[in-house]
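Only one structure is covered here, and it is reproduced in the block below.
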Amino acid sequence: MSSFSRSGHIVDVVNRKIFPGTVFVEDGVIVNIIPDDKPKDSCYIMPGFIDAHVHIESSMLIPSEFSRLATVHGTVGTVSDPHEIANVLGVEGVRYMIDDSKKVPFHFCFGAPSCVPATNFDTAGGEISPNDIETLFSDSGLTYLSEVMNYPGVLQADPSVMKKIAIAKNHDLPIDGHAPGLKGELAKNYFSSGITTDHECFSLEEALDKIACGCSIIIREGSAAKNYEALHSLIERYPEKVMFCSDDKHPHELVDGHINLLVRRSIVKKGYDLMNVLRAATLNPIRHYNLKIGLLQKDDSADFIVVDNLVDFLVKETYIKGAMVAKNGKSLIQSVPTSNIPNVFLTEKKSESDFFVKATSKKIHVILPENGQLITKKDVAIAKIQEGGYVSDVEGDVLKMCVVNRYQNAKPAIAFIKNFGLKVGAIASCIAHDSHNIVAVGCTDKDLCEAVNLLILQKGGIAAVSKEKQMALPLPVAGIISPDDGYKVAAKYAEIDAFAKSLGTKLDAPFMTLSFMALLVIPEIKLSDKGLFDGSKFNFLPLNAE
């Protein structure tokens with residue numbers, strides 16, 4: 001690798017200072033940083049940004065394509081939990097992500113998924129045992145235990161959960177948390193197990209309670225879950241305990257920005273100290289996870305970015321291991337062809353009658369989602385009944401939704417959801433956290449059936465239908481990822497997202513919101529392929545509310 005130098009204002013995040021200087025790089029390593037009397041360039045050179053918790057699969061892109069989009073915004077590394085693909089394919093899925101990530105210059109720090117399947121209350125395709133965790137740490141180089149979503153298992157000292165935590169401790173590796181709403185003694189007990197982070201805080205009170213337990217808070221701003229406004233004051237109050245993450249980022253939003261948007265927002269709109277903000281985006285995750293990513297110090301890996309100023313943070317250049325990987329908004333990383341398309345999709349086409357549910361009560365339990373959040377509320381509605389069965393009440397915005405088991409032939413599980421807002425048609429997604437069965441919501445049983453069958457025919461992806469039109473985005477890798485050019489996938493996603501919104505929904509991210517309606521480990525009420533589930537009590541709930 002050739003040697004080079006780059007001059008400008010050096011933003012030394014480690015030592016909290018800015019000075020004019022020149023960075024000298026040889027063979028991918030910073031060999032010296034020499035201060036200059038006067039700046040030779042008006043730009044600013046600083047460490048690259050880190051996404052401290054992300055599921056690459058939620059971008060619908062393979063890791064190599066994700067890197068092409070992210071580096072344009074100054075991201076040089078991610079702390080990545082591959083549990084989405086693991087829930088479909090098990091260890092094979094994790095290794096697929098690792099293998100693809102090695103084909104590009106980017107720092108992917110993958111963790112060993114701790115909760116595959118996430119619960120025993122739905123059907124997944126893969127399973128990762130404690131022995132698998134040990135193998136992934138020993139043989140595959142994974143460097144942390146991914147989010148421990150089974151918080152009841154921790155609180156009840158479930159043997160399998162505790163064994164996985166013990167394995168991570170034996171390897172002296174960090175353990176990520178996932179404890180939405182947990183406070184007080186429950187939070188204290190959860191974090192006393194050795195878990196050190198949480199990205200699920202929905203309120204400042206909850207975050208402060210967890211910090212008191214010794215936890216670091218990862219402020220999340222993704223496509224569906226947006227917690228920044230509730231938590232941003234932590235940047236000033238507890239700067240050493242804060243990191244930034246996207247968690248789940250759809251491709252068209254990744255095209256627009258990444259962690260750089262949170263940096264700009266924190267400094268320009270909120271007025272927080274520059275170094276505290278940059279530490280949340282760089283130093284804190286690097287030190288917490290022991291990442292082998294440079295911090296713009298002598299002898300570090302040459303992982304840094306060049307921005308035009310400290311207001312707009314427009315990324316002019318991104319370097320990883322001394323290689324320029326993005327310049328002036330264009331990725332310099334080439335797409336990597338792949339012939340390996342692993343998947344498991346065994347269910348067969350459904351008929352409209354499969355979505356019929358006999359009415360047994362005038363009142364039904366319904367799921368009440370919140371725009372911009374993953375949590376839901378449990379509500380009761382007056383059911384609309386036709387020909388002896390429950391149907392969608394479009395006028396009342398109480399719509400029928402379903403989860404269809406993709407791994408075997410089974411009758412769809414049915415529930416109802418409010419606040420989704422569709423006026424016509426249906427949308428469906430095989431991105432359905434965490435087991436990735438098919439989840440759909442629609443205005444009629446016919447609409448639901450058509451949207452679901454579109455995904456069954458192409459073995460995964462997302463779809464939207466109306467009386468006049470059908471649209472689908474194929475995601476052939478595990479039914480949830482595309483191997484295609486990331487920018488083309490983003491454009492196609494933006495198109496189908498706009499179509500879904502034209503059907504009447506007012507949700508900011510209808511497909512992302514829908515994808516979390518099957519995630520049982522987020523309270524309060526969700527739907528699995530086995531039925532309606534109360535996430536607060538961790539048991540099934542009848543559709544009948546009388």
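In the structure tokens, the first chain shown is A, the next is B, and so on; residue numbers restart at 1 for each chain, and ligands run from 1 in the order shown.
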Per residue of stretch 158-179 of chain A within 10 Å of stretch 107-111 of chain A, which atom pair is closest and at what distance in Å (one decimal), using only C-alpha atoms, listed by chain and increasing number, as JSON lines?
{"residue": "A:Leu173", "atom": "CA", "partner": "A:Gly111", "partner_atom": "CA", "distance": 9.8}
{"residue": "A:Pro174", "atom": "CA", "partner": "A:Gly111", "partner_atom": "CA", "distance": 9.4}
{"residue": "A:Ile175", "atom": "CA", "partner": "A:Gly111", "partner_atom": "CA", "distance": 9.1}
{"residue": "A:Asp176", "atom": "CA", "partner": "A:Gly111", "partner_atom": "CA", "distance": 9.1}
- Query: Which neighbours of A:Leu374 fall inside 10 Å, counting only C-alpha atoms, when residues of the same chain fewer than 4 positions from it are skipped, and could you give them as a list in words?
  - Reply: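 Near A:Leu374, the qualifying residues are Pro180, Glu200, Phe202, Ala224, Ala225, Lys226, Pro369, Glu370, Met512, Thr513, Leu514, Ser515, Phe516, Met517, Leu519, Ile522, Pro523 and Glu524 of chain A.
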Hey, could you make a per-residue contact list for stretch 474-506 of chain A against stretch 90-105 of chain A with 12 Å as the cut-off, showing the nearest pair of atoms and its distance in Å to one decimal, counting only C-alpha atoms, sorted by chain and number, as JSON lines?
{"residue": "A:Val477", "atom": "CA", "partner": "A:Gly93", "partner_atom": "CA", "distance": 9.4}
{"residue": "A:Ala478", "atom": "CA", "partner": "A:Gly93", "partner_atom": "CA", "distance": 8.0}
{"residue": "A:Gly479", "atom": "CA", "partner": "A:Gly93", "partner_atom": "CA", "distance": 11.7}
{"residue": "A:Ile480", "atom": "CA", "partner": "A:Gly93", "partner_atom": "CA", "distance": 11.5}
{"residue": "A:Ile481", "atom": "CA", "partner": "A:Met97", "partner_atom": "CA", "distance": 10.8}
{"residue": "A:Pro483", "atom": "CA", "partner": "A:Asp100", "partner_atom": "CA", "distance": 10.2}
Against stretch 436-456 of chain A, which residues of stretch 110-225 of chain A fall within 10 Å? For each one I want the closest pair of atoms and the distance in Å (one decimal), counting only C-alpha atoms, rows by chain and increasing residue number, as JSON lines.
{"residue": "A:Asp122", "atom": "CA", "partner": "A:Asn437", "partner_atom": "CA", "distance": 9.1}
{"residue": "A:Thr123", "atom": "CA", "partner": "A:Asn437", "partner_atom": "CA", "distance": 7.8}
{"residue": "A:Ala124", "atom": "CA", "partner": "A:His436", "partner_atom": "CA", "distance": 7.3}
{"residue": "A:Gly125", "atom": "CA", "partner": "A:His436", "partner_atom": "CA", "distance": 8.6}
Identify, on the basis of only C-alpha atoms, every residue whose closest approach to A:Asp393 does not exceed 10 Å; exclude the query and any residue fewer than 5 positions from it along the same chain; express the result as a list in words.
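The contact residues come out as Ile382, Ala383, Lys384, Ile385, Val398, Leu399, Lys400, Phe416, Lys418, Lys423, Cys443 and Thr444 of chain A.
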Same residues, N, CA and C atoms, output as a PDB file, in the first residue's frame:
ATOM      1  N   ILE A 382     -64.518  -2.663  19.268  1.00  0.00           N
ATOM      2  CA  ILE A 382     -65.736  -3.343  18.843  1.00  0.00           C
ATOM      3  C   ILE A 382     -65.452  -3.983  17.487  1.00  0.00           C
ATOM      4  N   ALA A 383     -65.653  -5.269  17.399  1.00  0.00           N
ATOM      5  CA  ALA A 383     -65.306  -5.998  16.177  1.00  0.00           C
ATOM      6  C   ALA A 383     -66.323  -5.718  15.068  1.00  0.00           C
ATOM      7  N   LYS A 384     -65.821  -5.689  13.845  1.00  0.00           N
ATOM      8  CA  LYS A 384     -66.698  -5.663  12.666  1.00  0.00           C
ATOM      9  C   LYS A 384     -66.873  -7.103  12.211  1.00  0.00           C
ATOM     10  N   ILE A 385     -68.129  -7.547  12.101  1.00  0.00           N
ATOM     11  CA  ILE A 385     -68.416  -8.948  11.793  1.00  0.00           C
ATOM     12  C   ILE A 385     -69.260  -9.027  10.526  1.00  0.00           C
ATOM     13  N   VAL A 398     -59.431  -0.340  12.307  1.00  0.00           N
ATOM     14  CA  VAL A 398     -59.111  -1.581  13.014  1.00  0.00           C
ATOM     15  C   VAL A 398     -58.948  -2.646  11.944  1.00  0.00           C
ATOM     16  N   LEU A 399     -57.695  -2.903  11.568  1.00  0.00           N
ATOM     17  CA  LEU A 399     -57.401  -3.722  10.392  1.00  0.00           C
ATOM     18  C   LEU A 399     -56.927  -5.111  10.790  1.00  0.00           C
ATOM     19  N   LYS A 400     -57.291  -6.071   9.960  1.00  0.00           N
ATOM     20  CA  LYS A 400     -56.843  -7.443  10.186  1.00  0.00           C
ATOM     21  C   LYS A 400     -55.370  -7.570   9.807  1.00  0.00           C
ATOM     22  N   PHE A 416     -55.757  -8.083  15.165  1.00  0.00           N
ATOM     23  CA  PHE A 416     -56.191  -6.803  14.604  1.00  0.00           C
ATOM     24  C   PHE A 416     -55.312  -5.685  15.152  1.00  0.00           C
ATOM     25  N   LYS A 418     -54.710  -1.266  15.251  1.00  0.00           N
ATOM     26  CA  LYS A 418     -55.232   0.092  15.061  1.00  0.00           C
ATOM     27  C   LYS A 418     -54.089   1.027  14.668  1.00  0.00           C
ATOM     28  N   LYS A 423     -56.333   2.506   3.808  1.00  0.00           N
ATOM     29  CA  LYS A 423     -57.705   2.698   3.327  1.00  0.00           C
ATOM     30  C   LYS A 423     -58.074   1.684   2.264  1.00  0.00           C
ATOM     31  N   CYS A 443     -56.876  -4.502   4.195  1.00  0.00           N
ATOM     32  CA  CYS A 443     -58.237  -4.006   4.316  1.00  0.00           C
ATOM     33  C   CYS A 443     -59.285  -5.086   4.050  1.00  0.00           C
ATOM     34  N   THR A 444     -58.896  -6.152   3.350  1.00  0.00           N
ATOM     35  CA  THR A 444     -59.796  -7.286   3.130  1.00  0.00           C
ATOM     36  C   THR A 444     -58.989  -8.572   3.191  1.00  0.00           C
TER      37      THR A 444
END
Counting only C-alpha atoms, the residue among A:Ser266, A:Asn340, A:Asn284, A:Asn405 that lies closest to A:Phe313 is A:Ser266
task: Tell me, in Å to one decimal, how far atom CA of A:Ile427 is from atom CA of A:Glu387.
output: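 Spanning atom CA of A:Ile427 to atom CA of A:Glu387 is a straight-line distance of 24.3 Å.
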Discussion item. Please extract the residues of stretch 95-144 of chain A with a backbone DSSP assignment of strand (DSSP E) and present them as number ranges by chain.
Written reply: A: 107-110
| said: Which residues are close to A:Glu147, i.e. within 8 Å by only C-alpha atoms, leaving aside same-chain residues fewer than 4 positions away? Reply as a VMD selection string. | reply: chain A and resid 81 113 to 115 175 to 178
